Amino acid sequence: MSAEAAAEAIRAYLDESGLDWEPGAGTSFVAVMPGEHKLRTAVSLTVGRQAVTVNAFVARHPDENEGAVHRWLLERNRRMYGVGFAIDQFGDIYLVGHLPHSAVTPEELDRVLGSVLEYADGSFNTILELGFASAIQREWKWRISRGESTANLAAFAHLADSSAEGAGDPPA
């Protein structure tokens, strides 16, 4: 399959998928997938001469426990399909993969994009807990002190300092 045919197959798949998407620069496409923990994951599909590169931002560089975050990501890579975790020159976390043009079929695109969503969304809270626990604790305390909602932090209630009044009880 040629690069042009691969680009057309991706375009047709995205049109049929119901995903929000837009063309990127050259022969690239950016699709946005809704998640549960990570509210949205943007994935770029870039058609090259030999393969399609899949690239999705997952999280920024961890504030703390960088080694533990990287170890966890590498351990996950052993069990993943189509994409793997990688970091860029700034330490930001991505999912990256490559598909040969011959593998650009609706079924394989569905499988790879499903993998991206599963890995980005399913890993998000663990990455935040490992790499941003102190920031989450500070945010929790700040919100409690001002009577602000902690609803979107409820998954991290166990990180809240139990000495702060009400910190251990997320609002209903």
# chains A, B, ... in the order shown; residues from 1 in each chain; ligands from 1
>>> select_by_dssp(residues="stretch 26-128 of chain A", states="strand (DSSP E or B)", output="ChimeraX atom specification")
/A:28-34,40-47,51-59,84-87,93-100
>>> closest_atom_pairs(of="stretch 12-72 of chain A", to="stretch 141-154 of chain A", cutoff="12 Å", atoms="only C-alpha atoms", output="tab-separated table")
residue	atom	partner	partner_atom	distance
A:Glu36	CA	A:Asn152	CA	11.3
A:His37	CA	A:Asn152	CA	9.6
A:Lys38	CA	A:Asn152	CA	11.2
A:Leu39	CA	A:Asn152	CA	11.0
>>> write_last_selection(atoms="N, CA, C and O atoms", output="CSV table (one decimal), in the first residue's frame")
chain,number,residue,atom,x,y,z
A,36,GLU,N,-12.2,8.3,30.5
A,36,GLU,CA,-12.9,8.4,31.8
A,36,GLU,C,-12.0,9.0,32.8
A,36,GLU,O,-12.4,9.9,33.6
A,37,HIS,N,-10.7,8.7,32.9
A,37,HIS,CA,-9.8,9.2,33.9
A,37,HIS,C,-9.0,10.4,33.3
A,37,HIS,O,-8.9,11.5,33.9
A,38,LYS,N,-8.5,10.2,32.1
A,38,LYS,CA,-7.9,11.3,31.3
A,38,LYS,C,-9.0,11.7,30.3
A,38,LYS,O,-9.4,10.9,29.5
A,39,LEU,N,-9.6,12.9,30.5
A,39,LEU,CA,-10.8,13.2,29.9
A,39,LEU,C,-10.8,13.2,28.4
A,39,LEU,O,-11.8,12.9,27.7
>>> atom_distance(atom1="atom CA of A:Ala12", atom2="atom CA of A:His101")
14.7 Å
>>> residues_around(residues="A:Gly35", least_positions_apart="2", cutoff="9 Å", atoms="only C-alpha atoms", output="PyMOL selection string")
chain A and resi 33+37-41+117-118+120-122
>>> write_last_selection(atoms="C-alpha atoms", output="PDB file, in the first residue's frame")
ATOM      1  CA  MET A  33     -10.748  10.299  21.974  1.00  0.00           C
ATOM      2  CA  HIS A  37      -9.759   9.238  33.879  1.00  0.00           C
ATOM      3  CA  LYS A  38      -7.910  11.284  31.278  1.00  0.00           C
ATOM      4  CA  LEU A  39     -10.805  13.246  29.901  1.00  0.00           C
ATOM      5  CA  ARG A  40      -9.450  13.378  26.354  1.00  0.00           C
ATOM      6  CA  THR A  41      -6.513  11.949  24.483  1.00  0.00           C
ATOM      7  CA  LEU A 117      -7.179   5.025  24.617  1.00  0.00           C
ATOM      8  CA  GLU A 118      -6.930   2.069  26.992  1.00  0.00           C
ATOM      9  CA  ALA A 120      -3.577   6.544  28.175  1.00  0.00           C
ATOM     10  CA  ASP A 121      -6.830   6.492  30.140  1.00  0.00           C
ATOM     11  CA  GLY A 122      -6.093   3.397  32.209  1.00  0.00           C
TER      12      GLY A 122
END
>>> closest_atom_pairs(of="stretch 96-146 of chain A", to="stretch 80-85 of chain A", cutoff="9 Å", atoms="only C-alpha atoms", output="Markdown table")
| residue | atom | partner | partner_atom | distance |
| --- | --- | --- | --- | --- |
| A:Val96 | CA | A:Val83 | CA | 5.1 |
| A:Gly97 | CA | A:Val83 | CA | 4.2 |
| A:His98 | CA | A:Gly82 | CA | 7.4 |
| A:Leu99 | CA | A:Gly82 | CA | 7.9 |
| A:Arg111 | CA | A:Gly82 | CA | 8.2 |
| A:Val112 | CA | A:Gly82 | CA | 5.7 |
| A:Leu113 | CA | A:Gly82 | CA | 8.9 |
| A:Ser115 | CA | A:Tyr81 | CA | 6.6 |
| A:Val116 | CA | A:Val83 | CA | 7.0 |
| A:Tyr119 | CA | A:Met80 | CA | 8.1 |
>>> select_by_dssp(residues="stretch 31-72 of chain A", states="alpha helix (DSSP H)", output="MDAnalysis selection string")
chainID A and resid 66:72
>>> atom_distance(atom1="atom CA of A:Ile87", atom2="atom CA of A:Thr126")
16.4 Å
>>> closest_residue(among="A:Leu73, A:Ala103, A:Ala59, A:Leu14", to="A:Ser2", atoms="only C-alpha atoms")
A:Ala103
